[in-house]
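Shown below: final.cif, with mmCIF, C-alpha atoms.
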```cif
data_coords
loop_
_atom_site.group_PDB
_atom_site.id
_atom_site.type_symbol
_atom_site.label_atom_id
_atom_site.label_comp_id
_atom_site.auth_asym_id
_atom_site.auth_seq_id
_atom_site.Cartn_x
_atom_site.Cartn_y
_atom_site.Cartn_z
ATOM 1 C CA MET A 92 -64.042 -65.820 -195.294
ATOM 2 C CA LYS A 93 -66.352 -63.061 -196.481
ATOM 3 C CA ALA A 94 -65.799 -61.636 -199.966
ATOM 4 C CA GLU A 95 -65.390 -58.194 -198.353
ATOM 5 C CA GLU A 96 -62.421 -59.449 -196.355
ATOM 6 C CA LEU A 97 -60.802 -60.846 -199.505
ATOM 7 C CA THR A 98 -61.100 -57.527 -201.330
ATOM 8 C CA GLN A 99 -59.849 -55.556 -198.306
ATOM 9 C CA ARG A 100 -56.796 -57.797 -198.017
ATOM 10 C CA TYR A 101 -56.175 -57.488 -201.773
ATOM 11 C CA GLU A 102 -56.413 -53.689 -201.613
ATOM 12 C CA ALA A 103 -53.928 -53.758 -198.704
ATOM 13 C CA GLY A 104 -51.394 -55.411 -201.027
ATOM 14 C CA GLU A 105 -51.885 -59.123 -200.285
ATOM 15 C CA ARG A 106 -51.975 -61.345 -203.396
ATOM 16 C CA ASP A 107 -51.761 -64.945 -202.139
ATOM 17 C CA PHE A 108 -55.075 -66.617 -201.323
ATOM 18 C CA PRO A 109 -54.541 -70.280 -202.295
ATOM 19 C CA GLY A 110 -57.322 -72.641 -201.229
ATOM 20 C CA ILE A 111 -59.513 -69.800 -199.978
ATOM 21 C CA VAL A 112 -63.167 -70.625 -199.305
ATOM 22 C CA ILE A 113 -65.727 -67.836 -199.502
ATOM 23 C CA GLU A 114 -68.705 -68.421 -197.222
ATOM 24 C CA LYS A 115 -71.879 -69.174 -199.189
ATOM 25 C CA ASN A 116 -73.701 -66.166 -197.715
ATOM 26 C CA TYR A 117 -70.874 -63.806 -198.755
ATOM 27 C CA LEU A 118 -70.146 -64.754 -202.346
ATOM 28 C CA GLY A 119 -70.661 -61.449 -204.180
ATOM 29 C CA LEU A 120 -67.472 -59.906 -205.606
ATOM 30 C CA LEU A 121 -69.159 -57.681 -208.200
ATOM 31 C CA LYS A 122 -66.838 -55.173 -209.948
ATOM 32 C CA VAL A 123 -63.698 -56.131 -208.040
ATOM 33 C CA ASN A 124 -60.066 -55.867 -209.132
ATOM 34 C CA LEU A 125 -58.191 -59.123 -208.421
ATOM 35 C CA ARG A 126 -55.454 -58.734 -211.061
ATOM 36 C CA GLY A 127 -52.518 -61.047 -210.458
ATOM 37 C CA ALA A 128 -54.078 -62.625 -207.353
ATOM 38 C CA ASN A 129 -53.248 -66.231 -206.463
ATOM 39 C CA LEU A 130 -56.580 -67.997 -205.968
ATOM 40 C CA SER A 131 -55.383 -71.473 -206.929
ATOM 41 C CA GLY A 132 -57.594 -74.174 -205.451
ATOM 42 C CA ALA A 133 -60.102 -71.574 -204.205
ATOM 43 C CA ASN A 134 -63.729 -72.566 -203.715
ATOM 44 C CA LEU A 135 -65.836 -69.862 -205.364
ATOM 45 C CA ALA A 136 -68.708 -72.112 -206.443
ATOM 46 C CA GLY A 137 -71.835 -70.067 -207.095
ATOM 47 C CA ALA A 138 -70.032 -66.756 -206.538
ATOM 48 C CA ASP A 139 -71.187 -63.579 -208.270
ATOM 49 C CA LEU A 140 -67.952 -62.469 -209.933
ATOM 50 C CA ALA A 141 -69.546 -60.404 -212.704
ATOM 51 C CA THR A 142 -67.310 -57.672 -214.164
ATOM 52 C CA THR A 143 -64.349 -58.758 -212.006
ATOM 53 C CA ASP A 144 -60.840 -58.078 -213.342
ATOM 54 C CA PHE A 145 -58.820 -61.315 -213.031
ATOM 55 C CA ARG A 146 -56.087 -60.409 -215.551
ATOM 56 C CA GLY A 147 -52.958 -62.471 -214.865
ATOM 57 C CA ALA A 148 -54.561 -64.190 -211.849
ATOM 58 C CA ASN A 149 -53.903 -67.811 -210.873
ATOM 59 C CA LEU A 150 -57.204 -69.678 -210.538
ATOM 60 C CA SER A 151 -55.786 -73.106 -211.378
ATOM 61 C CA ALA A 152 -57.758 -76.019 -209.895
ATOM 62 C CA ALA A 153 -60.314 -73.564 -208.451
ATOM 63 C CA ASN A 154 -63.971 -74.513 -208.089
ATOM 64 C CA LEU A 155 -66.102 -71.955 -209.940
ATOM 65 C CA GLU A 156 -69.024 -74.280 -210.631
ATOM 66 C CA GLY A 157 -72.161 -72.251 -211.319
ATOM 67 C CA ALA A 158 -70.308 -68.961 -210.774
ATOM 68 C CA ASN A 159 -71.350 -65.773 -212.538
ATOM 69 C CA LEU A 160 -68.370 -64.351 -214.455
ATOM 70 C CA GLU A 161 -70.447 -62.306 -216.889
ATOM 71 C CA ALA A 162 -68.408 -59.509 -218.522
ATOM 72 C CA SER A 163 -65.323 -60.400 -216.452
ATOM 73 C CA ILE A 164 -61.797 -60.019 -217.843
ATOM 74 C CA LEU A 165 -59.439 -62.980 -217.426
ATOM 75 C CA ASP A 166 -56.703 -62.158 -219.956
ATOM 76 C CA GLU A 167 -53.519 -64.238 -219.443
ATOM 77 C CA ALA A 168 -54.970 -65.861 -216.305
ATOM 78 C CA ASP A 169 -54.174 -69.476 -215.387
ATOM 79 C CA LEU A 170 -57.363 -71.505 -215.098
ATOM 80 C CA SER A 171 -55.791 -74.906 -215.745
ATOM 81 C CA GLY A 172 -57.938 -77.667 -214.272
ATOM 82 C CA VAL A 173 -60.604 -75.200 -213.100
ATOM 83 C CA ASN A 174 -64.215 -76.338 -212.651
ATOM 84 C CA LEU A 175 -66.524 -73.929 -214.532
ATOM 85 C CA ARG A 176 -69.392 -76.398 -214.991
ATOM 86 C CA GLY A 177 -72.621 -74.460 -215.539
ATOM 87 C CA ALA A 178 -70.881 -71.098 -215.043
ATOM 88 C CA ASN A 179 -72.037 -67.928 -216.786
ATOM 89 C CA LEU A 180 -69.141 -66.597 -218.888
ATOM 90 C CA THR A 181 -71.340 -64.493 -221.180
ATOM 91 C CA ASN A 182 -69.592 -61.419 -222.633
ATOM 92 C CA GLY A 183 -66.352 -62.445 -220.918
ATOM 93 C CA ARG A 184 -62.824 -61.865 -222.220
ATOM 94 C CA PHE A 185 -60.385 -64.774 -221.950
ATOM 95 C CA TRP A 186 -57.512 -63.655 -224.189
ATOM 96 C CA LYS A 187 -54.417 -65.880 -223.978
ATOM 97 C CA VAL A 188 -55.881 -67.631 -220.933
ATOM 98 C CA LYS A 189 -54.750 -71.128 -219.869
ATOM 99 C CA LEU A 190 -57.777 -73.434 -219.618
ATOM 100 C CA ARG A 191 -55.987 -76.755 -220.074
ATOM 101 C CA GLU A 192 -58.087 -79.687 -218.797
ATOM 102 C CA ALA A 193 -60.724 -77.234 -217.550
ATOM 103 C CA ILE A 194 -64.333 -78.319 -217.104
ATOM 104 C CA LEU A 195 -66.644 -75.942 -218.963
ATOM 105 C CA SER A 196 -69.502 -78.346 -219.649
ATOM 106 C CA GLU A 197 -72.905 -76.664 -219.794
ATOM 107 C CA ALA A 198 -71.303 -73.230 -219.301
ATOM 108 C CA ARG A 199 -72.841 -70.206 -221.020
ATOM 109 C CA LEU A 200 -70.199 -68.774 -223.366
ATOM 110 C CA ARG A 201 -72.319 -66.553 -225.598
ATOM 111 C CA ASN A 202 -70.409 -63.497 -226.901
ATOM 112 C CA THR A 203 -67.256 -64.648 -225.098
ATOM 113 C CA SER A 204 -63.793 -64.241 -226.623
ATOM 114 C CA PHE A 205 -61.126 -66.933 -226.221
ATOM 115 C CA LEU A 206 -58.552 -65.300 -228.509
ATOM 116 C CA GLU A 207 -55.334 -67.394 -228.438
ATOM 117 C CA ALA A 208 -56.629 -69.306 -225.392
ATOM 118 C CA ASP A 209 -55.268 -72.749 -224.515
ATOM 119 C CA LEU A 210 -58.312 -75.028 -224.211
ATOM 120 C CA SER A 211 -56.416 -78.256 -224.839
ATOM 121 C CA ARG A 212 -58.146 -81.297 -223.300
ATOM 122 C CA ALA A 213 -60.895 -79.000 -221.954
ATOM 123 C CA ASP A 214 -64.434 -80.338 -221.539
ATOM 124 C CA LEU A 215 -66.740 -78.039 -223.532
ATOM 125 C CA SER A 216 -69.514 -80.604 -223.918
ATOM 126 C CA GLY A 217 -73.009 -79.169 -223.851
ATOM 127 C CA THR A 218 -71.843 -75.543 -223.930
ATOM 128 C CA ASN A 219 -73.467 -72.783 -225.941
ATOM 129 C CA LEU A 220 -70.758 -71.506 -228.312
ATOM 130 C CA SER A 221 -73.016 -69.307 -230.429
ATOM 131 C CA ARG A 222 -71.367 -65.945 -231.068
ATOM 132 C CA THR A 223 -68.189 -67.150 -229.338
ATOM 133 C CA SER A 224 -64.728 -66.364 -230.678
ATOM 134 C CA LEU A 225 -62.205 -69.201 -230.603
ATOM 135 C CA ALA A 226 -59.837 -67.495 -233.050
ATOM 136 C CA TYR A 227 -56.302 -68.901 -232.804
ATOM 137 C CA ALA A 228 -57.331 -70.966 -229.754
ATOM 138 C CA ASN A 229 -55.797 -74.354 -228.990
ATOM 139 C CA LEU A 230 -58.631 -76.911 -228.763
ATOM 140 C CA GLU A 231 -56.415 -79.963 -229.169
ATOM 141 C CA GLU A 232 -58.162 -83.054 -227.726
ATOM 142 C CA ALA A 233 -60.993 -80.861 -226.363
ATOM 143 C CA ASP A 234 -64.462 -82.381 -225.919
ATOM 144 C CA LEU A 235 -66.862 -80.468 -228.194
ATOM 145 C CA ARG A 236 -69.675 -83.019 -228.198
ATOM 146 C CA GLN A 237 -73.254 -81.692 -227.935
ATOM 147 C CA THR A 238 -72.092 -78.074 -228.162
ATOM 148 C CA ILE A 239 -74.489 -75.463 -229.504
ATOM 149 C CA LEU A 240 -72.777 -73.851 -232.472
ATOM 150 C CA TYR A 241 -75.597 -71.897 -234.070
ATOM 151 C CA ALA A 242 -77.824 -69.008 -233.141
ATOM 152 C CA THR A 243 -81.377 -68.933 -234.467
ATOM 153 C CA GLY A 244 -82.473 -65.699 -236.069
ATOM 154 C CA SER A 245 -85.939 -64.166 -235.968
ATOM 155 C CA ASP A 246 -86.755 -65.850 -239.276
ATOM 156 C CA GLY A 247 -85.950 -69.271 -237.807
ATOM 157 C CA ARG A 248 -82.823 -69.772 -239.899
ATOM 158 C CA HIS A 249 -79.547 -70.867 -238.389
ATOM 159 C CA ALA A 250 -76.246 -69.126 -238.948
ATOM 160 C CA LEU A 251 -72.747 -70.245 -238.074
ATOM 161 C CA CYS A 252 -71.809 -67.925 -235.247
ATOM 162 C CA VAL A 253 -68.567 -69.427 -233.956
ATOM 163 C CA ASN A 254 -65.323 -67.820 -235.027
ATOM 164 C CA ALA A 255 -62.757 -70.627 -234.964
ATOM 165 C CA SER A 256 -60.423 -69.210 -237.587
ATOM 166 C CA HIS A 257 -56.930 -70.661 -237.295
ATOM 167 C CA ALA A 258 -57.933 -72.700 -234.226
ATOM 168 C CA ASN A 259 -56.086 -75.941 -233.505
ATOM 169 C CA LEU A 260 -58.765 -78.667 -233.381
ATOM 170 C CA ARG A 261 -56.437 -81.658 -233.792
ATOM 171 C CA GLY A 262 -57.816 -84.704 -231.978
ATOM 172 C CA ALA A 263 -60.888 -82.814 -230.705
ATOM 173 C CA LYS A 264 -63.937 -84.976 -229.978
ATOM 174 C CA ALA A 265 -66.931 -83.692 -231.911
ATOM 175 C CA ASP A 266 -70.373 -84.839 -233.034
ATOM 176 C CA PRO A 267 -70.653 -86.207 -236.601
ATOM 177 C CA GLY A 268 -72.533 -83.081 -237.707
ATOM 178 C CA PHE A 269 -69.826 -80.725 -236.456
ATOM 179 C CA PRO A 270 -69.460 -78.063 -239.181
ATOM 180 C CA VAL A 271 -66.582 -78.662 -241.548
ATOM 181 C CA GLU A 272 -66.093 -74.905 -241.729
ATOM 182 C CA LEU A 273 -64.683 -75.021 -238.195
ATOM 183 C CA ALA A 274 -62.003 -77.489 -239.255
ATOM 184 C CA VAL A 275 -60.031 -74.689 -240.837
ATOM 185 C CA VAL A 276 -56.655 -74.907 -242.475
ATOM 186 C CA ARG A 277 -53.832 -73.228 -240.622
ATOM 187 C CA PRO A 278 -51.774 -70.472 -242.266
ATOM 188 C CA ASP A 279 -48.970 -72.994 -242.924
ATOM 189 C CA GLY A 280 -51.392 -75.094 -245.003
ATOM 190 C CA THR A 281 -51.817 -77.996 -242.547
ATOM 191 C CA GLU A 282 -55.277 -79.125 -241.546
ATOM 192 C CA THR A 283 -56.530 -79.055 -237.987
ATOM 193 C CA GLY A 284 -57.417 -82.730 -237.997
ATOM 194 C CA LEU A 285 -61.206 -82.707 -237.656
ATOM 195 C CA ARG A 286 -62.042 -83.645 -241.249
#
```
Let me see whether you can do it: turn the structure in this file into C-alpha cells.
Amino acid sequence: MKAEELTQRYEAGERDFPGIVIEKNYLGLLKVNLRGANLSGANLAGADLATTDFRGANLSAANLEGANLEASILDEADLSGVNLRGANLTNGRFWKVKLREAILSEARLRNTSFLEADLSRADLSGTNLSRTSLAYANLEEADLRQTILYATGSDGRHALCVNASHANLRGAKADPGFPVELAVVRPDGTETGLR
C-alpha cells in the first residue's frame, strides 16, 4: 500500500490497519494525523514519519526499524513489543506511552520526553539519552548498557543531561559506571534498586 492510500482511508474514517505494509517507494507520511489508528503489526521500517500525530494509536509489535519519527507525538500510544532499532526519535513526545519489551537499541532519543512512559523490559542499549527526559518512567528490567548519558559542551566538559527523577529503575541492567544520580529515591523513600 502507498502511504497516500493509508492517509486517505484514515481521513475517510477508517482506523483499523493491522499488519499493513507500506511499499518501500511510498514510505513518507510527513505531518500526518493518525490519532487512535490501529497499526499493530504494521511494517513501517525506514518510513519518514516525522511530525506525525500518533496519540492513542496502537503500534504494538510494529516494525519501525530505522524509521524517522523526529518531532512526532505518541502520547498514550501502545508500542509494546515494537521494533525501533536505529530509529530517529529526536524531539519526540512519548508521554504515558507503553513501550514494554520494545527494542530501542541504537535509537536517537536526544531531546525526547518519556514522561510517565512504561519502558519495562525495553532494550535501550547503545541509545543516546543525552537531554532525554525519563521523569516518572518505568524502566524496570530495562537494558541500559552502553547508553550515552552525557552531552559534551563546547569546553569539552560533560554534564548529566538525563532527567530520570522518580523513575523506576529496579532490576535495570546498566554498566558499572552508570551514574548513581539516576538511581533516585522515590517519593515514598524506597530506592529504585540500581545502587
Between A:Leu235, A:Ala208, A:Leu225, A:Ala141, which residue has the minimum interatomic distance to Ser196 of chain A, considering only C-alpha atoms? A:Leu235
Written as a ChimeraX atom specification, which residues does the PyMOL selection byres ((chain A and resi 129) around 7) give for the file shown? /A:106-109,127-128,130-131,148-150
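With only C-alpha atoms as the atoms that count, the minimum distance from Gly110 of chain A to the choices A:Asn259, A:Ala153, A:Glu96, A:Arg146 is reached by A:Ala153.
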Atom pair atom CA of Leu170 of chain A + atom CA of Ser216 of chain A, distance 17.6 Å
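Taking atom CA of Glu156 of chain A and atom CA of Val112 of chain A as the two end points, the separation is 13.3 Å.
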I'd like to know which of A:Ser151, A:Ser163, A:Asn179, A:Asn124 is closest to Gly137 of chain A, using all atoms listed in the file. A:Asn179
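Atom CA of Thr218 of chain A is found 17.5 Å from atom CA of Ala258 of chain A.
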Nearest to Val123 of chain A by atom-to-atom distance, counting only C-alpha atoms, from A:Gln99, A:Asn229, A:Thr143, A:Asn202: A:Thr143
Residue with smallest distance to Arg191 of chain A - pool A:Gly157, A:Gly217, A:Gly104, A:Gly172, counting all atoms listed in the file: A:Gly172
